[in-house]
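Here is the file input-v6.tsv (TSV, C-alpha atoms).
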```tsv
chain	number	residue	atom	x	y	z
L	1	MET	CA	24.00	78.67	87.30
L	2	PHE	CA	25.52	78.14	90.74
L	3	SER	CA	29.06	79.06	89.75
L	4	ASN	CA	27.65	82.25	88.24
L	5	ALA	CA	24.80	82.90	90.66
L	6	LYS	CA	25.24	86.67	90.77
L	7	ALA	CA	24.60	87.00	87.03
L	8	SER	CA	22.31	84.04	86.34
L	9	SER	CA	18.93	84.87	84.83
L	10	GLU	CA	17.40	82.22	87.13
L	11	THR	CA	18.63	83.82	90.35
L	12	ILE	CA	16.02	85.80	92.28
L	13	PHE	CA	18.10	86.45	95.40
L	14	CYS	CA	21.57	85.34	96.34
L	15	ILE	CA	24.18	86.43	98.87
L	16	ALA	CA	27.02	87.72	96.74
L	17	PHE	CA	30.41	86.36	97.77
L	18	THR	CA	33.67	87.68	96.40
L	19	PRO	CA	37.11	86.06	96.54
L	20	ALA	CA	37.57	87.88	99.87
L	21	GLU	CA	34.77	85.69	101.30
L	22	ASP	CA	36.21	82.45	99.95
L	23	TYR	CA	36.43	80.41	103.16
L	24	GLY	CA	38.54	77.77	101.49
L	25	LYS	CA	39.17	74.27	102.75
L	26	PHE	CA	38.39	74.99	106.38
L	27	GLY	CA	35.13	76.89	106.11
L	28	SER	CA	33.22	76.52	102.86
L	29	ILE	CA	30.23	74.33	102.13
L	30	ALA	CA	32.08	73.00	99.12
L	31	SER	CA	34.91	71.65	101.24
L	32	MET	CA	32.60	69.00	102.70
L	33	VAL	CA	31.16	67.79	99.40
L	34	TYR	CA	33.92	68.27	96.84
L	35	SER	CA	37.68	68.07	96.59
L	36	ASP	CA	40.07	68.64	93.73
L	37	GLY	CA	42.67	66.78	95.75
L	38	ASN	CA	43.52	69.52	98.20
L	39	SER	CA	40.61	71.97	98.26
L	40	GLY	CA	38.40	70.17	100.74
L	41	TRP	CA	37.53	67.05	102.67
L	42	GLY	CA	34.97	65.73	100.19
L	43	GLU	CA	33.32	63.47	102.77
L	44	GLU	CA	29.64	63.77	101.79
L	45	TYR	CA	28.61	62.26	98.47
L	46	ALA	CA	25.66	62.09	96.11
L	47	SER	CA	23.79	59.03	97.38
L	48	ALA	CA	22.98	55.92	95.41
L	49	SER	CA	19.34	56.88	95.91
L	50	ILE	CA	19.52	60.21	94.06
L	51	ARG	CA	21.69	58.67	91.35
L	52	GLN	CA	19.13	55.91	90.84
L	53	LEU	CA	16.34	58.47	90.53
L	54	MET	CA	18.32	60.32	87.85
L	55	SER	CA	19.59	57.22	86.07
L	56	ALA	CA	16.86	57.15	83.42
L	57	HIS	CA	18.17	60.37	81.90
L	58	PRO	CA	21.95	60.55	81.48
L	59	GLU	CA	21.35	63.57	79.24
L	60	ASP	CA	20.05	65.58	82.22
L	61	VAL	CA	22.48	68.49	82.62
L	62	ARG	CA	22.07	68.28	86.39
L	63	TRP	CA	24.41	65.29	86.30
L	64	GLY	CA	27.06	67.95	85.87
L	65	TYR	CA	26.88	68.61	89.63
L	66	ILE	CA	27.71	64.98	90.42
L	67	VAL	CA	31.40	64.29	89.90
L	68	PRO	CA	32.63	60.68	90.19
L	69	LEU	CA	36.16	60.23	91.48
L	70	SER	CA	38.08	57.84	89.24
L	71	ASP	CA	40.11	55.03	90.76
L	72	GLY	CA	42.49	55.15	87.79
L	73	ASN	CA	41.32	51.77	86.48
L	74	GLY	CA	38.06	52.80	84.88
L	75	GLY	CA	36.07	52.45	88.08
L	76	ILE	CA	34.82	54.71	90.86
L	77	ALA	CA	37.17	55.32	93.76
L	78	LYS	CA	35.88	54.32	97.17
L	79	LYS	CA	36.44	56.01	100.51
L	80	ASN	CA	35.82	53.80	103.51
L	81	GLY	CA	33.97	51.43	101.20
L	82	ILE	CA	31.57	54.02	99.73
L	83	GLU	CA	31.72	55.06	96.08
L	84	THR	CA	32.93	58.64	95.80
L	85	TYR	CA	30.53	60.88	93.90
L	86	TYR	CA	31.48	64.46	94.71
L	87	ILE	CA	29.01	67.33	94.55
L	88	SER	CA	30.24	70.44	92.72
L	89	LYS	CA	27.11	72.57	93.10
L	90	PHE	CA	28.86	74.99	95.44
L	91	SER	CA	32.17	75.26	93.60
L	92	PHE	CA	33.93	77.09	90.79
L	93	GLN	CA	32.80	80.68	91.11
L	94	ASP	CA	35.72	82.64	89.67
L	95	GLY	CA	37.40	79.28	89.13
L	96	SER	CA	37.73	78.54	92.86
L	97	PRO	CA	36.74	75.02	94.02
L	98	THR	CA	35.48	76.44	97.33
L	99	LEU	CA	33.73	79.67	96.29
L	100	SER	CA	30.04	80.22	95.49
L	101	SER	CA	27.36	82.80	96.19
L	102	PRO	CA	24.56	81.08	98.14
L	103	ILE	CA	21.25	81.22	96.27
L	104	MET	CA	18.31	81.87	98.58
L	105	PHE	CA	15.54	81.91	95.96
L	106	ARG	CA	15.56	81.04	92.29
L	107	VAL	CA	13.09	80.71	89.45
L	108	ALA	CA	12.97	76.90	89.38
L	109	GLU	CA	11.95	76.70	93.03
L	110	MET	CA	9.06	79.10	92.38
L	111	TYR	CA	7.87	76.93	89.48
L	112	LEU	CA	8.12	73.84	91.67
L	113	ASN	CA	6.25	75.50	94.55
L	114	ARG	CA	3.40	76.32	92.19
L	115	ALA	CA	3.51	72.83	90.65
L	116	GLU	CA	3.17	71.22	94.07
L	117	ALA	CA	0.22	73.45	94.94
L	118	ASN	CA	-1.48	72.67	91.64
L	119	ALA	CA	-0.82	68.95	92.10
L	120	LYS	CA	-2.60	69.04	95.44
L	121	MET	CA	-5.55	70.87	93.87
L	122	GLY	CA	-5.74	68.32	91.07
L	123	ASN	CA	-4.69	70.73	88.35
L	124	THR	CA	-2.73	68.19	86.34
L	125	GLN	CA	-1.99	70.26	83.24
L	126	ALA	CA	-0.84	73.33	85.20
L	127	ALA	CA	1.40	71.27	87.49
L	128	LEU	CA	3.05	69.37	84.66
L	129	ASP	CA	3.47	72.52	82.57
L	130	ASP	CA	5.58	73.98	85.37
L	131	VAL	CA	7.62	70.79	85.69
L	132	ASP	CA	8.15	70.70	81.94
L	133	ALA	CA	9.28	74.33	81.95
L	134	ILE	CA	12.19	73.25	84.14
L	135	ARG	CA	12.94	70.06	82.24
L	136	GLN	CA	12.99	72.03	78.99
L	137	ASN	CA	16.01	73.91	80.34
L	138	ARG	CA	17.77	70.90	81.81
L	139	GLY	CA	18.45	68.93	78.63
L	140	LEU	CA	15.19	66.95	78.80
L	141	GLN	CA	13.37	68.49	75.83
L	142	ASN	CA	12.65	64.98	74.56
L	143	SER	CA	11.33	63.74	77.90
L	144	LEU	CA	8.53	66.16	78.76
L	145	TYR	CA	5.29	65.04	80.39
L	146	ASN	CA	3.06	67.09	78.07
L	147	GLY	CA	0.14	66.98	80.48
L	148	THR	CA	0.22	63.21	81.07
L	149	VAL	CA	1.13	61.54	84.35
L	150	PRO	CA	3.14	58.34	83.66
L	151	SER	CA	1.44	55.11	84.68
L	152	GLY	CA	2.49	53.66	88.00
L	153	THR	CA	2.97	57.00	89.73
L	154	THR	CA	1.00	60.04	90.88
L	155	LEU	CA	1.04	63.68	89.92
L	156	LEU	CA	2.40	64.67	93.32
L	157	ASN	CA	5.22	62.13	93.08
L	158	VAL	CA	6.18	63.49	89.65
L	159	VAL	CA	6.46	66.96	91.13
L	160	LEU	CA	8.32	65.84	94.24
L	161	ASN	CA	10.80	63.77	92.23
L	162	GLU	CA	11.53	66.83	90.09
L	163	ARG	CA	11.98	68.89	93.26
L	164	ARG	CA	14.38	66.28	94.59
L	165	ILE	CA	16.55	66.38	91.48
L	166	GLU	CA	16.41	70.14	90.90
L	167	LEU	CA	16.98	71.13	94.53
L	168	ALA	CA	19.36	68.29	95.38
L	169	PHE	CA	22.00	69.09	98.02
L	170	GLU	CA	20.32	72.41	98.88
L	171	GLY	CA	18.74	71.28	102.16
L	172	GLN	CA	15.14	70.98	100.91
L	173	ARG	CA	14.52	67.24	100.87
L	174	THR	CA	13.66	66.69	104.54
L	175	PHE	CA	11.05	69.45	104.48
L	176	ASP	CA	9.54	68.17	101.22
L	177	VAL	CA	9.20	64.64	102.58
L	178	TYR	CA	7.70	65.42	105.96
L	179	ARG	CA	5.53	68.29	104.71
L	180	ASN	CA	3.80	65.73	102.55
L	181	ASN	CA	3.46	63.12	105.30
L	182	MET	CA	5.87	60.74	103.57
L	183	VAL	CA	8.60	58.51	104.94
L	184	MET	CA	12.30	59.31	104.64
L	185	ASP	CA	13.85	56.22	103.09
L	186	ARG	CA	17.62	56.12	103.59
L	187	THR	CA	18.11	52.50	102.61
L	188	TYR	CA	21.41	52.94	100.84
L	189	TRP	CA	25.03	52.53	101.85
L	190	GLY	CA	26.55	55.46	103.69
L	191	TYR	CA	27.78	56.50	107.10
L	192	HIS	CA	24.34	57.68	108.12
L	193	LEU	CA	23.84	54.00	109.02
L	194	PRO	CA	24.56	53.59	112.75
L	195	GLY	CA	27.57	51.42	113.51
L	196	LEU	CA	28.50	50.87	109.86
L	197	LYS	CA	31.94	49.39	109.27
L	198	GLU	CA	33.74	49.30	105.95
L	199	THR	CA	33.90	45.52	106.12
L	200	ASP	CA	30.08	45.38	106.29
L	201	ILE	CA	29.58	47.12	102.96
L	202	ASP	CA	28.44	45.10	99.97
L	203	LEU	CA	27.53	47.48	97.16
L	204	SER	CA	25.87	44.67	95.21
L	205	GLN	CA	23.10	44.51	97.83
L	206	GLN	CA	20.87	46.89	99.70
L	207	PRO	CA	21.80	47.42	103.36
L	208	SER	CA	19.54	45.82	105.94
L	209	GLY	CA	19.28	45.55	109.70
L	210	TYR	CA	20.44	49.09	110.51
L	211	ALA	CA	18.42	51.43	112.69
L	212	ASN	CA	16.72	54.54	111.34
L	213	MET	CA	16.95	53.68	107.65
L	214	VAL	CA	13.26	54.48	107.24
L	215	ILE	CA	11.95	57.38	109.31
L	216	GLN	CA	8.24	58.01	109.63
L	217	PRO	CA	6.78	61.54	109.46
L	218	THR	CA	5.26	60.94	112.91
L	219	ASP	CA	8.64	60.22	114.50
L	220	SER	CA	9.35	62.67	117.33
L	221	ARG	CA	12.98	62.89	116.20
L	222	ILE	CA	12.04	64.93	113.14
L	223	ILE	CA	11.03	67.85	115.38
L	224	TYR	CA	13.86	70.30	115.85
L	225	TYR	CA	14.86	71.33	119.33
L	226	ILE	CA	14.04	74.87	120.43
L	227	PRO	CA	17.40	76.72	120.73
L	228	ILE	CA	18.50	77.26	124.34
L	229	ASP	CA	18.72	81.03	123.81
L	230	GLU	CA	15.03	81.10	122.91
L	231	VAL	CA	14.10	78.90	125.88
L	232	GLN	CA	15.96	81.17	128.27
L	233	THR	CA	14.47	84.31	126.70
L	234	ILE	CA	10.95	82.98	127.21
L	235	TYR	CA	11.79	81.85	130.76
L	236	TYR	CA	13.21	85.20	131.86
L	237	ALA	CA	10.46	87.14	130.10
L	238	SER	CA	7.86	85.15	132.02
L	239	LYS	CA	9.68	85.77	135.32
L	240	ILE	CA	9.76	89.51	134.66
L	241	HIS	CA	6.08	89.48	133.72
L	242	SER	CA	5.21	87.60	136.91
L	243	TYR	CA	7.26	89.98	139.05
L	244	THR	CA	5.58	92.99	137.44
L	245	ILE	CA	2.10	91.63	138.10
L	246	HIS	CA	2.84	90.93	141.77
L	247	HIS	CA	4.45	94.28	142.43
L	248	THR	CA	1.98	96.67	140.81
```
Target encoding structure tokens, full file:
Amino acid sequence: MFSNAKASSETIFCIAFTPAEDYGKFGSIASMVYSDGNSGWGEEYASASIRQLMSAHPEDVRWGYIVPLSDGNGGIAKKNGIETYYISKFSFQDGSPTLSSPIMFRVAEMYLNRAEANAKMGNTQAALDDVDAIRQNRGLQNSLYNGTVPSGTTLLNVVLNERRIELAFEGQRTFDVYRNNMVMDRTYWGYHLPGLKETDIDLSQQPSGYANMVIQPTDSRIIYYIPIDEVQTIYYASKIHSYTIHHT
């Protein structure tokens, strides 16, 4: 779908890029998350957390966007101690490893938006029908919910986990977590851990003792700064307004 976004039946709106807009190694999104050896930096990987969530279903076609880098000995290559799982979601339009047409809205997101709303209203069947409509097209025909929430979880968590997998690497996760008053759990190895050194990494264990691995929805750091241009616009507008009042 992503490599053929302009023609995909699931695309509602995308920004059509042509080879003339292929920013290549030094300017594309793909260059940060994928590399064919020379096409990009490939320095941001699919986390152990998302891979664990998907691990129950190796038949899920969305694994196709997660590309392990072989070490040549049957294992996964490591960079700075972290296993290298590239992300190819923004690659391969017209065969280019750095070209894609950014999708702004697509059918699956609309289904998931409605599923989340129905989950919050307690409409179990409607919410799971929408989730199943996506899973039906992702190689999971034999793993549908069929109106039943699995034991040990909640309807909302089922929907949010499907959102996480379907919209992975598209910049949605933070908003999904904090919109639902949940914690962001980043307890996995990666260079988001402050002060991490390669010699500290033990992939057989979970990391511990690092700051900001679990971030609460009430944390002030999740609030984005107001851009300086907007601050200055408001400031100067208020000064002009004040001047006008005092001189009329």
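When all atoms listed in the file are used to compute distances to Asn38 of chain L, the closest of the residues L:Gly72, L:Gly24, L:Asp60, L:Ala5 turns out to be L:Gly24.
The nearest approach to Gln216 of chain L among the residues L:Ile103, L:Leu167, L:Met182, L:Val149, with all atoms listed in the file taken into account, belongs to L:Met182.
The residue that comes closest to Tyr23 of chain L, out of L:Leu99, L:Ile222, L:Ala56, L:Leu112 and on the basis of all atoms listed in the file, is L:Leu99.
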Find the spatial neighbours of Lys78 of chain L, counting all atoms listed in the file, within a cut-off of 12 Å - ignore same-chain residues fewer than 2 positions away - and output them as a VMD selection string. chain L and resid 42 to 43 45 68 to 72 75 to 76 80 to 86 189 to 190 198 201 203
Selection above as a file: C-alpha atoms, as a PDB file, in the frame of the given file:
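Below is the file selection08.pdb, written as the result:
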```pdb
ATOM      1  CA  GLY L  42      34.970  65.730 100.190  1.00  0.00           C
ATOM      2  CA  GLU L  43      33.320  63.470 102.770  1.00  0.00           C
ATOM      3  CA  TYR L  45      28.610  62.260  98.470  1.00  0.00           C
ATOM      4  CA  PRO L  68      32.630  60.680  90.190  1.00  0.00           C
ATOM      5  CA  LEU L  69      36.160  60.230  91.480  1.00  0.00           C
ATOM      6  CA  SER L  70      38.080  57.840  89.240  1.00  0.00           C
ATOM      7  CA  ASP L  71      40.110  55.030  90.760  1.00  0.00           C
ATOM      8  CA  GLY L  72      42.490  55.150  87.790  1.00  0.00           C
ATOM      9  CA  GLY L  75      36.070  52.450  88.080  1.00  0.00           C
ATOM     10  CA  ILE L  76      34.820  54.710  90.860  1.00  0.00           C
ATOM     11  CA  ASN L  80      35.820  53.800 103.510  1.00  0.00           C
ATOM     12  CA  GLY L  81      33.970  51.430 101.200  1.00  0.00           C
ATOM     13  CA  ILE L  82      31.570  54.020  99.730  1.00  0.00           C
ATOM     14  CA  GLU L  83      31.720  55.060  96.080  1.00  0.00           C
ATOM     15  CA  THR L  84      32.930  58.640  95.800  1.00  0.00           C
ATOM     16  CA  TYR L  85      30.530  60.880  93.900  1.00  0.00           C
ATOM     17  CA  TYR L  86      31.480  64.460  94.710  1.00  0.00           C
ATOM     18  CA  TRP L 189      25.030  52.530 101.850  1.00  0.00           C
ATOM     19  CA  GLY L 190      26.550  55.460 103.690  1.00  0.00           C
ATOM     20  CA  GLU L 198      33.740  49.300 105.950  1.00  0.00           C
ATOM     21  CA  ILE L 201      29.580  47.120 102.960  1.00  0.00           C
ATOM     22  CA  LEU L 203      27.530  47.480  97.160  1.00  0.00           C
TER      23      LEU L 203
END
```
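Minimum atom-to-atom distances from L:Pro97, L:Gly64, L:Asp185, L:Ser55 to Lys25 of chain L were compared using only C-alpha atoms, and the lowest value belongs to L:Pro97.
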Anything within 12 Å of (23.7, 82.7, 87.3): list those residues as a PDB file with C-alpha atoms, keeping the file's coordinate frame, counting all atoms listed in the file and sticking to the file's coordinates.
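Everything below was put into result-v4.pdb:
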```pdb
ATOM      1  CA  MET L   1      24.000  78.670  87.300  1.00  0.00           C
ATOM      2  CA  PHE L   2      25.520  78.140  90.740  1.00  0.00           C
ATOM      3  CA  SER L   3      29.060  79.060  89.750  1.00  0.00           C
ATOM      4  CA  ASN L   4      27.650  82.250  88.240  1.00  0.00           C
ATOM      5  CA  ALA L   5      24.800  82.900  90.660  1.00  0.00           C
ATOM      6  CA  LYS L   6      25.240  86.670  90.770  1.00  0.00           C
ATOM      7  CA  ALA L   7      24.600  87.000  87.030  1.00  0.00           C
ATOM      8  CA  SER L   8      22.310  84.040  86.340  1.00  0.00           C
ATOM      9  CA  SER L   9      18.930  84.870  84.830  1.00  0.00           C
ATOM     10  CA  GLU L  10      17.400  82.220  87.130  1.00  0.00           C
ATOM     11  CA  THR L  11      18.630  83.820  90.350  1.00  0.00           C
ATOM     12  CA  ILE L  12      16.020  85.800  92.280  1.00  0.00           C
ATOM     13  CA  PHE L  13      18.100  86.450  95.400  1.00  0.00           C
ATOM     14  CA  CYS L  14      21.570  85.340  96.340  1.00  0.00           C
ATOM     15  CA  ALA L  16      27.020  87.720  96.740  1.00  0.00           C
ATOM     16  CA  GLN L  93      32.800  80.680  91.110  1.00  0.00           C
ATOM     17  CA  SER L 100      30.040  80.220  95.490  1.00  0.00           C
ATOM     18  CA  SER L 101      27.360  82.800  96.190  1.00  0.00           C
ATOM     19  CA  PRO L 102      24.560  81.080  98.140  1.00  0.00           C
ATOM     20  CA  ILE L 103      21.250  81.220  96.270  1.00  0.00           C
ATOM     21  CA  PHE L 105      15.540  81.910  95.960  1.00  0.00           C
ATOM     22  CA  ARG L 106      15.560  81.040  92.290  1.00  0.00           C
ATOM     23  CA  VAL L 107      13.090  80.710  89.450  1.00  0.00           C
TER      24      VAL L 107
END
```
Test item: residues at most 7 Å from Ser31 of chain L, all atoms listed in the file, excluding those fewer than 4 positions along its chain, as a ChimeraX atom specification: /L:25,35,39-42,98
Generate a file of the selected residues that holds C-alpha atoms, formatted as a compact mmCIF listing (two decimals), in the frame of the given file.
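out35.txt written:
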```txt
# COMPACT_ATOMS: atom_id res chain seq x y z
CA LYS L 25 39.17 74.27 102.75
CA SER L 35 37.68 68.07 96.59
CA SER L 39 40.61 71.97 98.26
CA GLY L 40 38.40 70.17 100.74
CA TRP L 41 37.53 67.05 102.67
CA GLY L 42 34.97 65.73 100.19
CA THR L 98 35.48 76.44 97.33
```
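From atom CA of Met184 of chain L back to atom CA of Thr154 of chain L, the distance works out to 17.8 Å.
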Here atom CA of Arg114 of chain L and atom CA of Ala127 of chain L stand apart by 7.2 Å
With only C-alpha atoms as the basis for distance, which of L:Gly74, L:Thr174, L:Val214, L:Tyr235 is at the shortest distance from Leu193 of chain L? L:Val214
In the coordinate frame of the file, compute which residues have an atom within 12 Å of (18.9, 67.3, 95.9) when using all atoms listed in the file, and state them as a short mmCIF file (atom, residue, chain, number, x, y, z; two decimals) with C-alpha atoms, in the coordinates of the input.
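Saved the output as part-v8.cif:
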```cif
data_model
loop_
_atom_site.label_atom_id
_atom_site.label_comp_id
_atom_site.auth_asym_id
_atom_site.auth_seq_id
_atom_site.Cartn_x
_atom_site.Cartn_y
_atom_site.Cartn_z
CA TYR L 45 28.61 62.26 98.47
CA ALA L 46 25.66 62.09 96.11
CA SER L 47 23.79 59.03 97.38
CA SER L 49 19.34 56.88 95.91
CA ILE L 50 19.52 60.21 94.06
CA ARG L 51 21.69 58.67 91.35
CA LEU L 53 16.34 58.47 90.53
CA MET L 54 18.32 60.32 87.85
CA ARG L 62 22.07 68.28 86.39
CA TRP L 63 24.41 65.29 86.30
CA TYR L 65 26.88 68.61 89.63
CA ILE L 66 27.71 64.98 90.42
CA ILE L 87 29.01 67.33 94.55
CA LYS L 89 27.11 72.57 93.10
CA LEU L 160 8.32 65.84 94.24
CA ASN L 161 10.80 63.77 92.23
CA GLU L 162 11.53 66.83 90.09
CA ARG L 163 11.98 68.89 93.26
CA ARG L 164 14.38 66.28 94.59
CA ILE L 165 16.55 66.38 91.48
CA GLU L 166 16.41 70.14 90.90
CA LEU L 167 16.98 71.13 94.53
CA ALA L 168 19.36 68.29 95.38
CA PHE L 169 22.00 69.09 98.02
CA GLU L 170 20.32 72.41 98.88
CA GLY L 171 18.74 71.28 102.16
CA GLN L 172 15.14 70.98 100.91
CA ARG L 173 14.52 67.24 100.87
CA THR L 174 13.66 66.69 104.54
CA PHE L 175 11.05 69.45 104.48
CA ASP L 176 9.54 68.17 101.22
#
```
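Take the candidates L:Phe92, L:Thr148, L:Leu155, L:Ile15 and check each one against Gly122 of chain L using all atoms listed in the file; the shortest distance goes to L:Leu155.
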Quote the spacing between atom CA of Ala115 of chain L and atom CA of Asp130 of chain L in Å to one decimal place. 5.8 Å
Please, what is the axis-aligned box for every listed atom of segment 221-225 of chain L with 6 Å on each side, as centre and edge lengths in Å to one decimal, as lines of an AutoDock Vina configuration file?
```
center_x = 12.9
center_y = 67.1
center_z = 116.2
size_x = 15.8
size_y = 20.4
size_z = 18.2
```
